[in-house]
Amino acid sequence: MIPNLLFDFTVDKATKTVFVIREFAAGQSLVWDAFTKQELLDQWWAPKPFVSKTKVMDFKVGGRRFYAMVSPEGHEMWAIQKYTSITPKTNFKYLNAFADKDENPQLPGSDWDLTFTGQNGITKVSITIYNDSLERMEKMIEMGFKEGFTATLNELEQLLNRIKE
């Protein structure tokens, strides 16, 4: 029996920050890999019916992931993640910005901080998303970020259930 897994999504307008905490019934190493390996990321990093298509991924400090979320009609919405800090298996940080198809970022962006902790086969991912501007954060929320990211994390849960031991 899978225990009740934690999911919390909080928006703090005063600090221009979104906090997401999500638990998964999978080992910490597997959850880490799902967030850091292109072949796994592209299987879940988009709410259905969208799909994720990574053009470049270099997971190292100073590296980047350049990818698109592609609609069923083929419309591409590009974004770039520039990795600023990596502590293997426990934490990584990146600057995220929307971009055009030629990898030109649309600033301001947001700073993502992801922390992974595991215990008894349950991995908790704590995500802090600090936005450079309140206007950007409000636009992100208006565009359905909570619903889209919730659906995306549900895609991850389904993937983990399929591939774990």
# chains A, B, ... in the order shown; residues from 1 in each chain; ligands from 1
call {"tool": "residues_around", "arguments": {"residues": "Leu107 in chain A", "least_positions_apart": "4", "cutoff": "10 Å", "atoms": "only C-alpha atoms", "output": "tab-separated table (two decimals) with N, CA and C atoms, in the first residue's frame"}}
result
chain	number	residue	atom	x	y	z
A	96	ASN	N	15.86	29.77	-15.00
A	96	ASN	CA	14.92	29.35	-16.03
A	96	ASN	C	14.36	30.59	-16.73
A	97	ALA	N	14.31	30.54	-18.05
A	97	ALA	CA	13.71	31.64	-18.79
A	97	ALA	C	13.05	31.09	-20.05
A	98	PHE	N	11.95	31.71	-20.43
A	98	PHE	CA	11.36	31.40	-21.73
A	98	PHE	C	12.36	31.87	-22.78
A	99	ALA	N	12.29	31.29	-23.96
A	99	ALA	CA	13.24	31.65	-25.01
A	99	ALA	C	12.56	31.50	-26.37
A	132	ASP	N	12.13	36.93	-10.71
A	132	ASP	CA	12.79	38.23	-10.70
A	132	ASP	C	11.79	39.38	-10.62
A	133	SER	N	10.56	39.13	-11.06
A	133	SER	CA	9.56	40.19	-10.97
A	133	SER	C	8.21	39.60	-10.59
A	136	ARG	N	6.14	38.84	-13.69
A	136	ARG	CA	6.42	37.56	-14.35
A	136	ARG	C	5.74	36.43	-13.60
call {"tool": "residues_around", "arguments": {"residues": "range 73-88 of chain A", "least_positions_apart": "4", "cutoff": "6 Å", "atoms": "only C-alpha atoms", "output": "CSV table (one decimal) with C-alpha atoms, in the first residue's frame"}}
result
chain,number,residue,atom,x,y,z
A,61,VAL,CA,27.4,23.8,-13.4
A,62,GLY,CA,27.5,26.3,-16.2
A,63,GLY,CA,25.7,23.9,-18.5
A,64,ARG,CA,22.2,24.2,-19.8
A,65,ARG,CA,19.0,22.5,-21.0
A,66,PHE,CA,17.3,24.0,-24.0
A,67,TYR,CA,13.9,22.5,-24.7
A,68,ALA,CA,10.4,23.0,-26.0
A,69,MET,CA,7.0,22.0,-24.8
A,92,PHE,CA,20.5,21.5,-8.0
A,93,LYS,CA,19.7,25.1,-9.0
A,94,TYR,CA,19.1,26.8,-12.3
A,95,LEU,CA,18.0,30.0,-13.9
A,96,ASN,CA,14.9,29.3,-16.0
A,97,ALA,CA,13.7,31.6,-18.8
A,98,PHE,CA,11.4,31.4,-21.7
A,99,ALA,CA,13.2,31.7,-25.0
A,100,ASP,CA,12.8,31.8,-28.7
call {"tool": "atom_distance", "arguments": {"atom1": "CA of Asp8 in chain A", "atom2": "CA of Gly121 in chain A"}}
result
19.4 Å
call {"tool": "closest_residue", "arguments": {"among": "A:Met140, A:Met57, A:Leu156, A:Ile129", "to": "Gln43 in chain A", "atoms": "only C-alpha atoms"}}
result
A:Leu156
call {"tool": "residues_around", "arguments": {"residues": "Thr128 in chain A", "least_positions_apart": "2", "cutoff": "10 Å", "atoms": "only C-alpha atoms", "output": "JSON, numbers by chain"}}
result
{"A": [10, 17, 18, 19, 20, 21, 93, 110, 111, 112, 113, 114, 115, 125, 126, 130, 131]}
call {"tool": "write_last_selection", "arguments": {"atoms": "C-alpha atoms", "output": "PDB file, in the first residue's frame"}}
result
ATOM      1  CA  THR A  10       2.124  27.716  -2.251  1.00  0.00           C
ATOM      2  CA  THR A  17       8.226  32.918  -4.779  1.00  0.00           C
ATOM      3  CA  VAL A  18       6.386  29.682  -5.524  1.00  0.00           C
ATOM      4  CA  PHE A  19       6.992  26.713  -3.214  1.00  0.00           C
ATOM      5  CA  VAL A  20       6.208  23.185  -4.386  1.00  0.00           C
ATOM      6  CA  ILE A  21       6.697  20.095  -2.241  1.00  0.00           C
ATOM      7  CA  LYS A  93      19.710  25.096  -8.998  1.00  0.00           C
ATOM      8  CA  SER A 110      13.125  32.672 -12.380  1.00  0.00           C
ATOM      9  CA  ASP A 111      15.599  30.913 -10.109  1.00  0.00           C
ATOM     10  CA  TRP A 112      14.742  27.289  -9.341  1.00  0.00           C
ATOM     11  CA  ASP A 113      16.151  25.458  -6.306  1.00  0.00           C
ATOM     12  CA  LEU A 114      15.349  21.723  -6.114  1.00  0.00           C
ATOM     13  CA  THR A 115      16.165  19.645  -3.029  1.00  0.00           C
ATOM     14  CA  VAL A 125      11.273  17.004  -3.800  1.00  0.00           C
ATOM     15  CA  SER A 126      11.167  20.566  -2.462  1.00  0.00           C
ATOM     16  CA  TYR A 130      11.985  32.736  -7.066  1.00  0.00           C
ATOM     17  CA  ASN A 131      10.824  35.141  -9.758  1.00  0.00           C
TER      18      ASN A 131
END
call {"tool": "decode", "arguments": {"residues": "range 6-131 of chain A", "atoms": "C-alpha atoms", "output": "compact mmCIF listing (two decimals), in the first residue's frame"}}
result
# COMPACT_ATOMS: atom_id res chain seq x y z
CA LEU A 6 2.56 14.95 0.31
CA PHE A 7 1.78 17.57 -2.30
CA ASP A 8 1.83 21.27 -1.46
CA PHE A 9 1.79 24.27 -3.82
CA THR A 10 2.12 27.72 -2.25
CA VAL A 11 2.40 31.13 -3.91
CA ASP A 12 3.96 33.93 -1.86
CA LYS A 13 3.46 37.20 -3.75
CA ALA A 14 5.33 39.21 -1.10
CA THR A 15 8.56 37.32 -1.87
CA LYS A 16 7.72 36.60 -5.56
CA THR A 17 8.23 32.92 -4.78
CA VAL A 18 6.39 29.68 -5.52
CA PHE A 19 6.99 26.71 -3.21
CA VAL A 20 6.21 23.18 -4.39
CA ILE A 21 6.70 20.09 -2.24
CA ARG A 22 5.91 16.70 -3.74
CA GLU A 23 6.61 13.20 -2.48
CA PHE A 24 7.07 10.18 -4.73
CA ALA A 25 6.98 6.48 -3.84
CA ALA A 26 10.40 5.87 -5.40
CA GLY A 27 14.03 5.92 -4.34
CA GLN A 28 15.94 9.18 -4.22
CA SER A 29 18.44 8.14 -6.90
CA LEU A 30 15.68 7.30 -9.39
CA VAL A 31 13.79 10.55 -8.73
CA TRP A 32 17.06 12.50 -9.11
CA ASP A 33 17.70 10.78 -12.44
CA ALA A 34 14.18 11.65 -13.62
CA PHE A 35 14.97 15.34 -13.09
CA THR A 36 18.53 15.28 -14.47
CA LYS A 37 18.65 12.84 -17.40
CA GLN A 38 17.30 13.95 -20.76
CA GLU A 39 15.92 10.55 -21.75
CA LEU A 40 13.74 10.52 -18.61
CA LEU A 41 12.90 14.25 -18.53
CA ASP A 42 11.44 14.19 -22.01
CA GLN A 43 9.03 11.45 -20.92
CA TRP A 44 7.32 13.60 -18.28
CA TRP A 45 8.34 17.31 -18.32
CA ALA A 46 5.15 18.53 -19.98
CA PRO A 47 1.46 18.26 -19.11
CA LYS A 48 -0.37 16.01 -21.55
CA PRO A 49 -1.20 16.42 -24.39
CA PHE A 50 2.03 18.47 -24.68
CA VAL A 51 5.37 16.70 -25.03
CA SER A 52 8.85 17.80 -24.01
CA LYS A 53 11.55 17.94 -26.67
CA THR A 54 15.10 18.64 -25.47
CA LYS A 55 17.46 20.09 -28.06
CA VAL A 56 20.50 20.49 -25.76
CA MET A 57 21.18 19.15 -22.28
CA ASP A 58 24.49 19.48 -20.47
CA PHE A 59 23.81 18.80 -16.79
CA LYS A 60 26.79 20.45 -15.12
CA VAL A 61 27.43 23.76 -13.40
CA GLY A 62 27.52 26.29 -16.22
CA GLY A 63 25.69 23.88 -18.52
CA ARG A 64 22.16 24.19 -19.81
CA ARG A 65 19.03 22.48 -20.99
CA PHE A 66 17.31 24.03 -24.00
CA TYR A 67 13.94 22.48 -24.69
CA ALA A 68 10.45 23.01 -26.02
CA MET A 69 7.02 22.01 -24.85
CA VAL A 70 5.28 20.98 -28.04
CA SER A 71 1.50 21.08 -28.49
CA PRO A 72 -0.36 18.35 -30.42
CA GLU A 73 -0.56 20.87 -33.31
CA GLY A 74 3.23 21.26 -33.31
CA HIS A 75 3.41 24.68 -31.62
CA GLU A 76 6.74 24.93 -29.74
CA MET A 77 7.18 26.92 -26.53
CA TRP A 78 10.92 27.11 -25.84
CA ALA A 79 12.72 27.54 -22.53
CA ILE A 80 16.28 27.47 -21.28
CA GLN A 81 17.60 26.29 -17.94
CA LYS A 82 21.15 27.38 -17.00
CA TYR A 83 22.55 25.23 -14.19
CA THR A 84 24.16 27.31 -11.44
CA SER A 85 24.76 24.74 -8.67
CA ILE A 86 24.73 20.94 -8.41
CA THR A 87 25.17 18.79 -5.32
CA PRO A 88 24.76 15.24 -6.68
CA LYS A 89 21.60 13.38 -5.66
CA THR A 90 20.45 16.10 -3.22
CA ASN A 91 20.19 19.57 -4.81
CA PHE A 92 20.52 21.55 -7.99
CA LYS A 93 19.71 25.10 -9.00
CA TYR A 94 19.13 26.79 -12.30
CA LEU A 95 18.01 30.00 -13.91
CA ASN A 96 14.92 29.35 -16.03
CA ALA A 97 13.71 31.64 -18.79
CA PHE A 98 11.36 31.40 -21.73
CA ALA A 99 13.24 31.65 -25.01
CA ASP A 100 12.75 31.76 -28.74
CA LYS A 101 13.68 28.86 -31.04
CA ASP A 102 17.18 30.36 -31.46
CA GLU A 103 17.84 30.17 -27.69
CA ASN A 104 17.48 33.91 -27.03
CA PRO A 105 16.11 34.19 -23.46
CA GLN A 106 13.10 36.34 -22.60
CA LEU A 107 14.05 37.94 -19.33
CA PRO A 108 13.23 38.31 -16.52
CA GLY A 109 13.40 34.66 -15.58
CA SER A 110 13.13 32.67 -12.38
CA ASP A 111 15.60 30.91 -10.11
CA TRP A 112 14.74 27.29 -9.34
CA ASP A 113 16.15 25.46 -6.31
CA LEU A 114 15.35 21.72 -6.11
CA THR A 115 16.16 19.65 -3.03
CA PHE A 116 15.79 15.86 -2.87
CA THR A 117 15.46 13.92 0.39
CA GLY A 118 14.64 10.26 0.71
CA GLN A 119 13.52 7.97 3.50
CA ASN A 120 11.96 4.50 3.49
CA GLY A 121 11.43 4.45 -0.28
CA ILE A 122 9.73 7.86 -0.34
CA THR A 123 11.49 10.81 -1.96
CA LYS A 124 10.48 14.37 -1.20
CA VAL A 125 11.27 17.00 -3.80
CA SER A 126 11.17 20.57 -2.46
CA ILE A 127 11.14 23.19 -5.20
CA THR A 128 11.55 26.91 -4.61
CA ILE A 129 10.92 29.14 -7.62
CA TYR A 130 11.99 32.74 -7.07
CA ASN A 131 10.82 35.14 -9.76
